[in-house]
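Dropping run-v5.cif in here (mmCIF, C-alpha atoms):
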```cif
data_protein
loop_
_atom_site.label_atom_id
_atom_site.label_comp_id
_atom_site.auth_asym_id
_atom_site.auth_seq_id
_atom_site.Cartn_x
_atom_site.Cartn_y
_atom_site.Cartn_z
CA MET A 1039 10.49 -23.48 2.48
CA LYS A 1040 9.73 -20.90 5.15
CA PRO A 1041 6.67 -18.76 4.28
CA ARG A 1042 7.05 -15.02 3.90
CA HIS A 1043 6.11 -13.22 7.11
CA LEU A 1044 3.71 -10.31 6.60
CA LEU A 1045 2.99 -7.73 9.31
CA VAL A 1046 -0.48 -6.23 8.71
CA LEU A 1047 -1.11 -2.92 10.46
CA GLY A 1048 -4.58 -3.12 11.97
CA GLY A 1049 -7.05 -5.91 12.63
CA SER A 1050 -10.31 -4.17 11.72
CA ALA A 1051 -12.82 -4.97 8.99
CA GLY A 1052 -10.75 -2.90 6.55
CA GLN A 1053 -7.89 -5.38 6.83
CA HIS A 1054 -10.00 -8.53 7.04
CA ASN A 1055 -9.99 -9.56 3.38
CA LEU A 1056 -6.27 -8.96 2.92
CA ILE A 1057 -5.42 -11.04 6.01
CA ARG A 1058 -7.48 -13.98 4.77
CA ARG A 1059 -6.11 -13.76 1.25
CA ALA A 1060 -2.51 -13.42 2.40
CA ARG A 1061 -2.79 -16.59 4.46
CA ALA A 1062 -4.43 -18.41 1.55
CA ASP A 1063 -1.53 -17.28 -0.65
CA GLY A 1064 1.03 -18.76 1.72
CA PHE A 1065 2.03 -15.80 3.91
CA PHE A 1066 2.47 -16.14 7.65
CA VAL A 1067 0.41 -13.17 8.88
CA THR A 1068 0.88 -11.24 12.11
CA VAL A 1069 -1.61 -8.47 12.94
CA ALA A 1070 -0.33 -5.40 14.78
CA ASP A 1071 -3.07 -3.64 16.76
CA VAL A 1072 -3.72 -2.32 20.25
CA ASN A 1073 -6.94 -4.34 20.42
CA PRO A 1074 -6.47 -8.12 20.68
CA HIS A 1075 -10.22 -8.52 20.11
CA ALA A 1076 -10.33 -6.62 16.80
CA VAL A 1077 -12.61 -8.38 14.32
CA ALA A 1078 -9.88 -9.66 11.97
CA VAL A 1079 -7.32 -10.77 14.55
CA GLY A 1080 -8.73 -14.29 14.67
CA ASP A 1081 -7.99 -14.78 10.96
CA ALA A 1082 -4.25 -14.09 11.40
CA ASN A 1083 -1.55 -16.55 12.42
CA ALA A 1084 -0.34 -14.30 15.23
CA PHE A 1085 -1.00 -11.02 17.03
CA PHE A 1086 1.39 -8.33 18.23
CA ALA A 1087 0.11 -5.67 20.64
CA VAL A 1088 1.29 -2.31 19.31
CA SER A 1089 -0.43 0.79 17.99
CA THR A 1090 -0.38 1.18 14.23
CA PHE A 1091 0.57 4.84 14.88
CA ASP A 1092 3.64 3.80 16.93
CA VAL A 1093 6.42 4.03 14.37
CA PRO A 1094 9.29 2.84 16.64
CA GLY A 1095 7.09 0.13 18.14
CA VAL A 1096 6.02 -1.28 14.76
CA THR A 1097 9.59 -1.09 13.46
CA GLU A 1098 10.87 -3.03 16.45
CA ALA A 1099 8.06 -5.56 16.11
CA ALA A 1100 8.87 -6.16 12.44
CA ARG A 1101 12.56 -6.53 13.30
CA ARG A 1102 11.96 -8.88 16.23
CA LEU A 1103 9.53 -11.04 14.26
CA GLY A 1104 11.77 -11.20 11.18
CA CYS A 1105 9.01 -9.87 8.92
CA ASP A 1106 9.51 -9.80 5.15
CA ALA A 1107 7.03 -6.97 4.56
CA VAL A 1108 4.82 -4.48 6.38
CA VAL A 1109 1.50 -3.47 4.83
CA ALA A 1110 -1.18 -0.88 5.60
CA VAL A 1111 -4.59 -1.08 3.91
CA GLY A 1112 -8.02 0.35 4.65
CA SER A 1113 -6.87 3.32 6.77
CA ASP A 1114 -4.63 6.31 6.12
CA GLN A 1115 -2.28 6.93 9.01
CA PRO A 1116 -0.57 3.52 9.24
CA VAL A 1117 0.79 4.09 5.72
CA TYR A 1118 3.45 6.39 7.20
CA THR A 1119 4.25 3.84 9.90
CA ALA A 1120 4.67 1.11 7.29
CA ALA A 1121 6.86 3.31 5.10
CA VAL A 1122 9.26 4.23 7.90
CA ALA A 1123 9.49 0.69 9.26
CA SER A 1124 10.09 -0.69 5.77
CA ALA A 1125 12.78 1.89 4.98
CA GLU A 1126 14.62 1.22 8.24
CA LEU A 1127 14.53 -2.55 7.78
CA GLY A 1128 15.11 -2.65 4.01
CA LEU A 1129 11.70 -4.19 3.28
CA PRO A 1130 9.69 -3.69 0.09
CA PHE A 1131 7.29 -0.75 0.21
CA PRO A 1132 6.17 1.51 -2.66
CA LEU A 1133 6.62 4.83 -0.83
CA SER A 1134 9.56 6.52 0.84
CA PRO A 1135 8.90 8.00 4.29
CA GLU A 1136 8.98 11.47 2.72
CA VAL A 1137 6.22 10.64 0.22
CA ALA A 1138 4.26 8.76 2.88
CA LEU A 1139 4.30 11.86 5.10
CA ARG A 1140 2.89 13.95 2.26
CA VAL A 1141 -0.07 11.60 1.85
CA THR A 1142 -0.83 11.18 5.56
CA ASN A 1143 -0.31 14.69 6.99
CA LYS A 1144 -2.85 17.17 5.64
CA ARG A 1145 -0.59 20.18 6.16
CA GLU A 1146 2.18 18.58 4.10
CA MET A 1147 -0.35 17.38 1.53
CA LYS A 1148 -2.12 20.72 1.03
CA GLN A 1149 1.15 22.65 1.00
CA THR A 1150 2.55 20.38 -1.72
CA LEU A 1151 -0.62 20.54 -3.82
CA THR A 1152 -0.90 24.31 -3.44
CA GLU A 1153 2.70 24.86 -4.53
CA ALA A 1154 2.04 22.66 -7.58
CA GLY A 1155 -0.99 24.73 -8.58
CA ILE A 1156 -3.45 21.90 -8.03
CA PRO A 1157 -6.88 23.24 -7.00
CA VAL A 1158 -7.74 22.72 -3.33
CA ALA A 1159 -10.03 24.60 -0.96
CA PRO A 1160 -8.37 27.71 0.57
CA TRP A 1161 -6.78 26.69 3.86
CA ARG A 1162 -4.81 27.82 6.91
CA ILE A 1163 -3.01 26.10 9.77
CA LEU A 1164 -4.37 26.90 13.25
CA HIS A 1165 -2.03 26.23 16.19
CA ARG A 1166 -3.17 25.44 19.69
CA ASP A 1167 -2.48 28.97 21.00
CA ASP A 1168 -3.62 30.90 17.90
CA THR A 1169 -6.45 33.40 17.87
CA SER A 1170 -9.01 33.91 15.12
CA ALA A 1171 -6.57 36.36 13.51
CA ALA A 1172 -4.72 33.30 12.18
CA LEU A 1173 -7.69 32.72 9.86
CA GLY A 1174 -7.54 36.20 8.36
CA GLY A 1175 -8.43 36.20 4.67
CA LEU A 1176 -10.11 32.80 4.85
CA ALA A 1177 -13.78 33.04 3.98
CA PRO A 1178 -16.48 31.22 5.98
CA ASP A 1179 -17.99 28.69 6.36
CA PHE A 1180 -15.04 26.83 7.85
CA VAL A 1181 -14.13 23.15 8.04
CA ILE A 1182 -11.65 22.22 10.78
CA LYS A 1183 -9.80 18.90 10.64
CA PRO A 1184 -6.94 17.16 12.43
CA VAL A 1185 -3.94 16.94 10.12
CA ASP A 1186 -3.08 13.38 11.10
CA SER A 1187 -6.27 11.50 11.86
CA GLN A 1188 -8.78 9.43 9.90
CA GLY A 1189 -12.38 8.27 9.87
CA GLN A 1190 -13.75 11.85 10.04
CA ARG A 1191 -12.68 12.14 13.69
CA GLY A 1192 -12.55 15.71 14.99
CA ILE A 1193 -14.01 17.31 11.87
CA ALA A 1194 -16.58 20.12 12.17
CA LEU A 1195 -18.30 22.64 9.90
CA LEU A 1196 -18.51 26.04 11.62
CA PRO A 1197 -19.85 29.44 10.51
CA ASP A 1198 -17.33 31.85 12.08
CA ALA A 1199 -13.69 32.06 13.11
CA ALA A 1200 -14.34 32.41 16.83
CA MET A 1201 -16.24 29.13 16.87
CA VAL A 1202 -13.35 27.46 15.04
CA VAL A 1203 -10.90 28.59 17.72
CA ASP A 1204 -13.27 27.39 20.44
CA HIS A 1205 -13.58 24.00 18.72
CA LEU A 1206 -9.82 23.54 18.20
CA PRO A 1207 -9.19 21.64 21.49
CA ARG A 1208 -11.84 19.07 20.54
CA THR A 1209 -10.24 18.60 17.12
CA LEU A 1210 -6.78 18.22 18.65
CA GLU A 1211 -8.08 15.43 20.89
CA HIS A 1212 -7.86 13.32 17.73
CA SER A 1213 -4.36 14.46 16.74
CA ARG A 1214 -0.76 13.92 17.74
CA CYS A 1215 0.07 17.47 16.60
CA ASP A 1216 -0.59 20.84 18.25
CA TYR A 1217 -2.17 22.31 15.14
CA ALA A 1218 -5.11 21.63 12.83
CA ILE A 1219 -6.03 22.55 9.29
CA VAL A 1220 -8.94 24.91 8.57
CA GLU A 1221 -10.45 25.17 5.09
CA THR A 1222 -13.14 27.22 3.44
CA TYR A 1223 -16.09 24.91 2.90
CA TYR A 1224 -16.61 24.14 -0.80
CA PRO A 1225 -20.24 23.26 -1.63
CA SER A 1226 -19.78 20.23 -3.82
CA ASN A 1227 -20.35 16.56 -4.46
CA GLU A 1228 -17.61 14.15 -3.51
CA VAL A 1229 -16.17 11.38 -5.67
CA THR A 1230 -13.50 8.81 -4.97
CA VAL A 1231 -10.85 7.72 -7.46
CA SER A 1232 -9.56 4.20 -6.87
CA GLY A 1233 -6.55 3.19 -8.91
CA TRP A 1234 -2.91 2.22 -9.09
CA VAL A 1235 0.31 4.00 -9.96
CA ARG A 1236 2.89 2.25 -12.10
CA SER A 1237 6.17 4.07 -12.75
CA GLY A 1238 4.52 7.38 -11.87
CA ARG A 1239 1.51 6.93 -14.18
CA ALA A 1240 -1.99 6.74 -12.70
CA HIS A 1241 -4.28 3.90 -13.78
CA ILE A 1242 -7.88 4.60 -12.73
CA PHE A 1243 -9.91 1.52 -11.87
CA ALA A 1244 -13.15 3.19 -10.76
CA VAL A 1245 -14.66 6.59 -9.98
CA THR A 1246 -17.44 6.37 -7.41
CA ASP A 1247 -19.83 8.78 -5.76
CA ARG A 1248 -18.83 9.11 -2.12
CA VAL A 1249 -22.19 9.90 -0.58
CA THR A 1250 -21.97 11.93 2.65
CA MET A 1251 -24.34 12.57 5.52
CA PRO A 1252 -26.10 15.98 5.36
CA SER A 1253 -25.03 17.00 8.86
CA ALA A 1254 -22.46 19.40 10.26
CA THR A 1255 -22.05 17.13 13.31
CA SER A 1256 -21.07 14.15 11.15
CA LEU A 1257 -19.42 16.03 8.30
CA GLY A 1258 -17.88 13.72 5.73
CA VAL A 1259 -19.31 10.51 7.20
CA CYS A 1260 -20.12 8.28 4.25
CA PRO A 1261 -23.19 5.99 4.09
CA ALA A 1262 -22.50 4.66 0.56
CA HIS A 1263 -20.20 4.42 -2.44
CA ARG A 1264 -21.96 4.23 -5.82
CA TYR A 1265 -20.64 3.11 -9.20
CA PRO A 1266 -20.91 4.40 -11.87
CA SER A 1267 -20.52 7.92 -10.54
CA ALA A 1268 -23.35 10.31 -11.32
CA HIS A 1269 -21.41 13.27 -9.96
CA ALA A 1270 -18.39 12.69 -12.22
CA ALA A 1271 -20.50 12.47 -15.39
CA GLY A 1272 -19.08 15.01 -17.83
CA HIS A 1273 -15.94 15.49 -15.72
CA HIS A 1274 -14.01 12.31 -16.51
CA ASP A 1275 -11.22 14.04 -18.45
CA GLU A 1276 -10.80 16.59 -15.68
CA VAL A 1277 -10.82 13.83 -13.04
CA ARG A 1278 -8.16 11.90 -14.95
CA GLU A 1279 -5.98 14.99 -15.41
CA ILE A 1280 -6.17 16.13 -11.80
CA THR A 1281 -5.50 12.56 -10.61
CA GLN A 1282 -2.28 12.40 -12.62
CA ALA A 1283 -1.27 15.91 -11.56
CA THR A 1284 -1.76 14.93 -7.92
CA VAL A 1285 0.37 11.81 -8.37
CA ASP A 1286 3.09 13.94 -9.96
CA ALA A 1287 2.99 16.63 -7.27
CA LEU A 1288 3.09 14.20 -4.35
CA GLY A 1289 5.79 12.10 -6.02
CA ILE A 1290 3.92 8.79 -5.85
CA PRO A 1291 5.99 6.22 -7.78
CA GLU A 1292 4.07 2.96 -7.33
CA GLY A 1293 1.12 1.38 -5.58
CA PRO A 1294 -2.52 1.99 -4.74
CA ILE A 1295 -4.19 5.39 -4.72
CA TYR A 1296 -7.47 6.43 -3.15
CA PHE A 1297 -8.20 10.10 -3.89
CA GLN A 1298 -11.22 12.08 -2.70
CA LEU A 1299 -12.19 14.84 -5.12
CA LEU A 1300 -14.82 17.58 -4.79
CA ILE A 1301 -16.91 18.57 -7.83
CA GLY A 1302 -18.75 21.88 -7.58
CA ASP A 1303 -19.49 25.10 -9.45
CA GLN A 1304 -15.78 26.02 -9.42
CA GLY A 1305 -14.70 22.71 -10.93
CA VAL A 1306 -12.83 19.73 -9.51
CA ARG A 1307 -10.74 20.17 -6.37
CA VAL A 1308 -8.63 17.70 -4.44
CA ASN A 1309 -9.98 17.04 -0.96
CA GLU A 1310 -7.57 14.34 0.20
CA ALA A 1311 -5.09 11.90 -1.32
CA ALA A 1312 -4.24 8.52 0.15
CA CYS A 1313 -1.95 5.70 -0.95
CA ARG A 1314 -3.67 2.53 0.21
CA LEU A 1315 -6.53 0.26 -0.70
CA GLY A 1316 -9.75 2.04 0.19
CA GLY A 1317 -11.62 1.61 3.43
CA ALA A 1318 -15.03 1.09 1.80
CA TYR A 1319 -14.36 -2.51 0.71
CA GLU A 1320 -13.24 -1.59 -2.80
CA ASP A 1321 -11.30 -4.86 -2.81
CA GLU A 1322 -14.73 -6.56 -2.87
CA SER A 1323 -16.74 -4.20 -5.10
CA ILE A 1324 -14.37 -3.23 -7.90
CA PRO A 1325 -13.59 -6.83 -8.93
CA LEU A 1326 -17.34 -7.35 -9.48
CA VAL A 1327 -17.45 -4.80 -12.31
CA GLY A 1328 -13.92 -5.05 -13.74
CA ALA A 1329 -11.13 -7.62 -13.85
CA VAL A 1330 -9.02 -5.91 -11.17
CA ASP A 1331 -7.91 -8.03 -8.22
CA LEU A 1332 -6.79 -5.31 -5.83
CA ILE A 1333 -5.60 -7.64 -3.08
CA ALA A 1334 -3.49 -9.62 -5.56
CA LEU A 1335 -1.84 -6.36 -6.64
CA GLN A 1336 -1.17 -5.41 -3.01
CA LEU A 1337 0.33 -8.79 -2.14
CA SER A 1338 2.59 -8.59 -5.18
CA LEU A 1339 4.06 -5.41 -3.72
CA CYS A 1340 4.58 -7.23 -0.43
CA ARG A 1341 6.66 -9.79 -2.33
CA GLY A 1342 8.68 -7.00 -3.90
CA ASP A 1343 7.13 -7.55 -7.34
CA LEU A 1344 5.48 -5.10 -9.73
CA PRO A 1345 2.22 -6.72 -10.87
CA ALA A 1346 0.74 -6.43 -14.34
CA LEU A 1347 -2.09 -3.89 -14.58
CA PRO A 1348 -5.25 -4.58 -16.57
CA HIS A 1349 -5.97 -1.03 -17.80
CA GLU A 1350 -4.09 1.65 -19.67
CA PRO A 1351 -3.78 4.97 -17.83
CA SER A 1352 -5.23 6.89 -20.79
CA SER A 1353 -8.72 5.47 -20.33
CA PRO A 1354 -10.96 8.05 -18.59
CA HIS A 1355 -13.48 5.52 -17.29
CA PRO A 1356 -11.90 2.09 -17.64
CA VAL A 1357 -14.35 -0.07 -15.71
CA GLY A 1358 -17.30 -0.99 -17.91
CA THR A 1359 -20.42 1.10 -17.24
CA ASP A 1360 -22.64 -1.82 -18.28
CA ARG A 1361 -22.29 -2.90 -14.66
CA ALA A 1362 -23.11 -1.12 -11.42
CA PHE A 1363 -22.33 -1.53 -7.76
CA LEU A 1364 -23.32 -0.02 -4.46
CA VAL A 1365 -21.62 -0.34 -1.09
CA PRO A 1366 -24.04 0.78 1.64
CA LEU A 1367 -22.23 1.49 4.91
CA LEU A 1368 -24.63 0.91 7.77
CA PHE A 1369 -25.03 2.94 10.96
CA CYS A 1370 -27.23 2.65 14.04
CA ARG A 1371 -29.11 5.14 16.15
CA PRO A 1372 -28.18 5.34 19.85
CA GLY A 1373 -29.11 2.30 21.90
CA THR A 1374 -27.91 -1.13 22.98
CA LEU A 1375 -27.66 -3.75 20.24
CA THR A 1376 -29.34 -6.95 21.42
CA GLY A 1377 -29.57 -8.85 18.14
CA TYR A 1378 -30.03 -8.64 14.39
CA ARG A 1379 -32.30 -10.38 11.90
CA GLY A 1380 -32.71 -10.73 8.17
CA LEU A 1381 -29.17 -11.54 7.06
CA GLN A 1382 -30.04 -14.81 5.32
CA ARG A 1383 -32.91 -13.27 3.36
CA ILE A 1384 -30.70 -10.37 2.33
CA ALA A 1385 -27.77 -12.60 1.32
CA GLY A 1386 -30.06 -14.67 -0.89
CA PHE A 1387 -31.32 -11.71 -2.89
CA PRO A 1388 -29.93 -11.32 -6.46
CA GLY A 1389 -26.91 -9.06 -6.57
CA VAL A 1390 -26.07 -9.11 -2.86
CA HIS A 1391 -22.50 -10.38 -2.64
CA THR A 1392 -21.77 -9.42 0.99
CA ILE A 1393 -23.82 -8.49 4.03
CA ARG A 1394 -21.89 -8.20 7.25
CA ILE A 1395 -22.55 -6.83 10.73
CA LEU A 1396 -19.49 -5.40 12.49
CA LEU A 1397 -20.90 -4.69 15.96
CA PRO A 1398 -21.03 -7.52 18.50
CA ILE A 1399 -24.21 -8.13 20.47
CA GLY A 1400 -24.25 -5.92 23.55
CA THR A 1401 -22.59 -2.92 21.88
CA VAL A 1402 -23.81 0.36 23.31
CA VAL A 1403 -24.17 2.68 20.31
CA GLY A 1404 -23.73 6.40 20.90
CA THR A 1405 -24.62 9.39 18.76
CA MET A 1406 -22.91 9.12 15.39
CA THR A 1407 -20.07 11.62 14.96
CA ASN A 1408 -17.57 9.80 12.72
CA SER A 1409 -17.03 6.81 10.45
CA THR A 1410 -15.58 4.60 13.18
CA GLN A 1411 -19.15 3.95 14.38
CA ARG A 1412 -19.99 1.88 11.29
CA ALA A 1413 -22.35 -0.96 12.23
CA GLY A 1414 -21.99 -3.05 9.08
CA TYR A 1415 -21.84 -3.00 5.32
CA ALA A 1416 -23.07 -4.69 2.17
CA VAL A 1417 -21.65 -5.09 -1.32
CA ILE A 1418 -24.26 -5.12 -4.09
CA ALA A 1419 -23.59 -5.43 -7.83
CA GLY A 1420 -25.75 -5.90 -10.90
CA PRO A 1421 -26.18 -5.27 -14.61
CA ASP A 1422 -27.54 -1.75 -14.04
CA ILE A 1423 -28.41 0.75 -11.34
CA ASP A 1424 -32.05 -0.34 -11.20
CA ALA A 1425 -31.07 -3.89 -10.24
CA VAL A 1426 -28.70 -2.55 -7.59
CA ASN A 1427 -31.35 -0.23 -6.16
CA ARG A 1428 -33.84 -3.09 -5.90
CA ALA A 1429 -31.37 -5.06 -3.82
CA LEU A 1430 -30.78 -1.99 -1.64
CA THR A 1431 -34.52 -1.63 -0.97
CA HIS A 1432 -34.67 -5.32 -0.05
CA LEU A 1433 -31.79 -4.84 2.39
CA PHE A 1434 -33.43 -1.97 4.25
CA SER A 1435 -36.80 -3.72 4.32
CA GLU A 1436 -35.35 -6.92 5.83
CA LEU A 1437 -32.50 -5.89 8.14
CA ILE A 1438 -33.41 -5.43 11.79
CA MET A 1439 -30.79 -4.22 14.26
CA GLU A 1440 -32.63 -4.84 17.51
CA GLY A 1441 -32.39 -2.49 20.48
CA ASP A 1442 -33.07 -3.41 24.09
CA GLU A 1443 -36.52 -1.85 23.89
CA GLY A 1444 -37.48 -3.81 20.77
CA GLU A 1445 -36.80 -0.93 18.39
CA ASN A 1446 -34.88 -1.15 15.10
CA LEU A 1447 -31.66 0.80 15.63
CA LEU A 1448 -30.69 0.72 11.94
CA MET A 1449 -30.51 4.24 10.49
CA ASP A 1450 -32.66 4.43 7.36
CA THR A 1451 -30.22 5.86 4.83
CA GLU A 1452 -31.75 4.11 1.82
CA ALA A 1453 -32.73 7.37 0.09
CA LEU A 1454 -29.17 8.70 0.47
CA CYS A 1455 -27.59 5.48 -0.77
CA ARG A 1456 -29.74 4.95 -3.88
CA HIS A 1457 -28.34 5.54 -7.35
CA PRO A 1458 -30.10 8.66 -8.67
CA GLY A 1459 -32.10 8.71 -11.90
CA ALA A 1460 -33.26 5.12 -11.63
CA GLU A 1461 -36.81 3.83 -11.74
CA ARG A 1462 -38.58 3.63 -8.37
#
```
Written as structure tokens, how would this file's structure read?
Amino acid sequence: MKPRHLLVLGGSAGQHNLIRRARADGFFVTVADVNPHAVAVGDANAFFAVSTFDVPGVTEAARRLGCDAVVAVGSDQPVYTAAVASAELGLPFPLSPEVALRVTNKREMKQTLTEAGIPVAPWRILHRDDTSAALGGLAPDFVIKPVDSQGQRGIALLPDAAMVVDHLPRTLEHSRCDYAIVETYYPSNEVTVSGWVRSGRAHIFAVTDRVTMPSATSLGVCPAHRYPSAHAAGHHDEVREITQATVDALGIPEGPIYFQLLIGDQGVRVNEAACRLGGAYEDESIPLVGAVDLIALQLSLCRGDLPALPHEPSSPHPVGTDRAFLVPLLFCRPGTLTGYRGLQRIAGFPGVHTIRILLPIGTVVGTMTNSTQRAGYAVIAGPDIDAVNRALTHLFSELIMEGDEGENLLMDTEALCRHPGAER
């Protein structure tokens, strides 16, 4: 019997686990990417050179290859590509192109949420030729973002409208549109909701703290995800309600959700909503604290099936809080990577399930401005946050990312990553 042919959009670390699992489950896997040397390409059966943003190109590739399904995981924008290609070819996909546009274009997303009365930061659209008058009525400080990018590319925090207009060309370098979205900055803590929608009902698998760098030049860049969430404590009912309201407003019928929420003095607001498995290796971390096999759920959709879900949507915090996990996302200071040491000692420490370096030897690392510059990651889990923090300390004490002058290029983000309130 001929195996089902799966076209995976992207060959980066965010797609790596799905590619391996799909092949193990009997799929013939082709990776679509512009980079034939992407880290996960070697785990696929075949490679097709096309941008994951190229809707006609991916559609033609899927048609020419005779693919049975197209899937996008780990990054936002290819979700729209997969939805359009699947609709045109009659392939299984949980979202229509219209819904996929709403969850990949920030203008469409914020307009839909605003009209539904769902709390978001005040916002405006700024076109390429607009003046600062277009931001009239919007209070500073301002956050400017591309409407159709990912990985925190082109995002900046700016104190006045004139600076926003001056920065617009740099933001649009990361966009296929001639406009950007500008929001009033909301001082807050960020949490991520990972879950699944079945027949329009949201099932929450985990709420995590999405730790962010305290820098306007790398706004939104995340060095860690922590579970259980300290920031969501006392807000679980509100998080559950706003998650379901967002699903309803955007019209999400089935499939994975990955929502970023902001929790501040004015309550919970929706920052962004995505319909894909998360890009912070949730497919590795969440199964360690709850019986949720996210990749198995995703592959069921690729077969055109609706998988059984392990949790009822009414549960505000369904993954057991007698377990904890931490996913430190590693970054390097500028320099040339000449080697790395300590991986075996880290991997052997209790609770460390994954430690992986993503940068090849010889990589010239520039100043960090977005999440695409991630140098590696780890997945740590344990019976409580103290055990997880101990493993984190061990990681940062052992890992050496060597520069060409003998220095350790690894950024020391241990203090940011640590679960708060634990023993030192």
Report task. With a distance cut-off of 7 Å and all atoms listed in the file, select the neighbouring residues of stretch 1283-1295 of chain A, excluding the residue or stretch itself and same-chain residues fewer than 2 positions from it, and output the selection as a list in words. Result -> Pro1132, Leu1133, Val1137, Arg1140, Thr1150, Leu1151, Ala1154, Ser1232, Gly1233, Trp1234, Val1235, Arg1236, Ser1237, Gly1238, Glu1279, Ile1280, Thr1281, Phe1297, Ala1312, Cys1313, Arg1314 and Leu1315 of chain A
With C-alpha atoms retained, export the selected residues as a CSV table (one decimal), in the frame of the given file.
```
chain,number,residue,atom,x,y,z
A,1132,PRO,CA,6.2,1.5,-2.7
A,1133,LEU,CA,6.6,4.8,-0.8
A,1137,VAL,CA,6.2,10.6,0.2
A,1140,ARG,CA,2.9,14.0,2.3
A,1150,THR,CA,2.6,20.4,-1.7
A,1151,LEU,CA,-0.6,20.5,-3.8
A,1154,ALA,CA,2.0,22.7,-7.6
A,1232,SER,CA,-9.6,4.2,-6.9
A,1233,GLY,CA,-6.6,3.2,-8.9
A,1234,TRP,CA,-2.9,2.2,-9.1
A,1235,VAL,CA,0.3,4.0,-10.0
A,1236,ARG,CA,2.9,2.2,-12.1
A,1237,SER,CA,6.2,4.1,-12.8
A,1238,GLY,CA,4.5,7.4,-11.9
A,1279,GLU,CA,-6.0,15.0,-15.4
A,1280,ILE,CA,-6.2,16.1,-11.8
A,1281,THR,CA,-5.5,12.6,-10.6
A,1297,PHE,CA,-8.2,10.1,-3.9
A,1312,ALA,CA,-4.2,8.5,0.2
A,1313,CYS,CA,-2.0,5.7,-1.0
A,1314,ARG,CA,-3.7,2.5,0.2
A,1315,LEU,CA,-6.5,0.3,-0.7
```
Query - Spatial neighbours of A:Ser1124, 12 Å, all atoms listed in the file, chain gap at least 2 places, as JSON, numbers by chain - result: {"A": [1044, 1045, 1093, 1094, 1096, 1097, 1098, 1099, 1100, 1101, 1104, 1105, 1106, 1107, 1108, 1109, 1110, 1116, 1117, 1118, 1119, 1120, 1121, 1122, 1126, 1127, 1128, 1129, 1130, 1131, 1132, 1133, 1134, 1135, 1138, 1340, 1342]}
Written as a PDB file with C-alpha atoms, in the coordinates of the input, what is the full residue list that the PyMOL selection byres ((chain A and resi 1209) around 9) yields on the file shown?
```pdb
ATOM      1  CA  ILE A1182     -11.650  22.220  10.780  1.00  0.00           C
ATOM      2  CA  LYS A1183      -9.800  18.900  10.640  1.00  0.00           C
ATOM      3  CA  PRO A1184      -6.940  17.160  12.430  1.00  0.00           C
ATOM      4  CA  ARG A1191     -12.680  12.140  13.690  1.00  0.00           C
ATOM      5  CA  GLY A1192     -12.550  15.710  14.990  1.00  0.00           C
ATOM      6  CA  ILE A1193     -14.010  17.310  11.870  1.00  0.00           C
ATOM      7  CA  ALA A1194     -16.580  20.120  12.170  1.00  0.00           C
ATOM      8  CA  HIS A1205     -13.580  24.000  18.720  1.00  0.00           C
ATOM      9  CA  LEU A1206      -9.820  23.540  18.200  1.00  0.00           C
ATOM     10  CA  PRO A1207      -9.190  21.640  21.490  1.00  0.00           C
ATOM     11  CA  ARG A1208     -11.840  19.070  20.540  1.00  0.00           C
ATOM     12  CA  LEU A1210      -6.780  18.220  18.650  1.00  0.00           C
ATOM     13  CA  GLU A1211      -8.080  15.430  20.890  1.00  0.00           C
ATOM     14  CA  HIS A1212      -7.860  13.320  17.730  1.00  0.00           C
ATOM     15  CA  SER A1213      -4.360  14.460  16.740  1.00  0.00           C
ATOM     16  CA  ALA A1218      -5.110  21.630  12.830  1.00  0.00           C
TER      17      ALA A1218
END
```
Report task. Would you mind reading off the distance between atom CA of A:Asp1303 and atom CA of A:Pro1225, one decimal, in Å? Result -> 8.1 Å
**Report entry** the PyMOL selection byres ((chain A and resi 1168) around 12) applied to the shown file, residues as a ChimeraX atom specification
**Finding:** /A:1162-1167,1169-1174,1199-1200,1202-1204,1206-1207,1216-1218
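Take the PyMOL selection byres ((chain A and resi 1396) around 8) and apply it to this file: it picks Ala1051, Val1077, Arg1394, Ile1395, Leu1397, Pro1398, Arg1412, Ala1413, Gly1414 and Tyr1415 of chain A.
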Write to file, as a PDB file, in the coordinates of the input, the residues of the selection just made, with C-alpha atoms.
```pdb
ATOM      1  CA  ALA A1051     -12.820  -4.970   8.990  1.00  0.00           C
ATOM      2  CA  VAL A1077     -12.610  -8.380  14.320  1.00  0.00           C
ATOM      3  CA  ARG A1394     -21.890  -8.200   7.250  1.00  0.00           C
ATOM      4  CA  ILE A1395     -22.550  -6.830  10.730  1.00  0.00           C
ATOM      5  CA  LEU A1397     -20.900  -4.690  15.960  1.00  0.00           C
ATOM      6  CA  PRO A1398     -21.030  -7.520  18.500  1.00  0.00           C
ATOM      7  CA  ARG A1412     -19.990   1.880  11.290  1.00  0.00           C
ATOM      8  CA  ALA A1413     -22.350  -0.960  12.230  1.00  0.00           C
ATOM      9  CA  GLY A1414     -21.990  -3.050   9.080  1.00  0.00           C
ATOM     10  CA  TYR A1415     -21.840  -3.000   5.320  1.00  0.00           C
TER      11      TYR A1415
END
```
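The interatomic distance for the pair atom CA of A:Leu1257 and atom CA of A:Leu1367 works out to 15.2 Å.
Distance annotation: of A:Gln1298, A:Arg1341, A:Leu1433, A:Phe1086, the residue with the minimal separation from A:Phe1065 is A:Arg1341; atom set is all atoms listed in the file.
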Query - Nearest-residue call for A:Gly1441, choices A:Gly1080, A:Thr1152, A:His1075, A:Gly1377, using only C-alpha atoms - result: A:Gly1377
Report task. Tell me, as a ChimeraX atom specification, which residues lie within 9 Å of A:Asn1083, counting all atoms listed in the file; anything in the same chain fewer than 6 positions away does not count. Result -> /A:1061,1066-1069
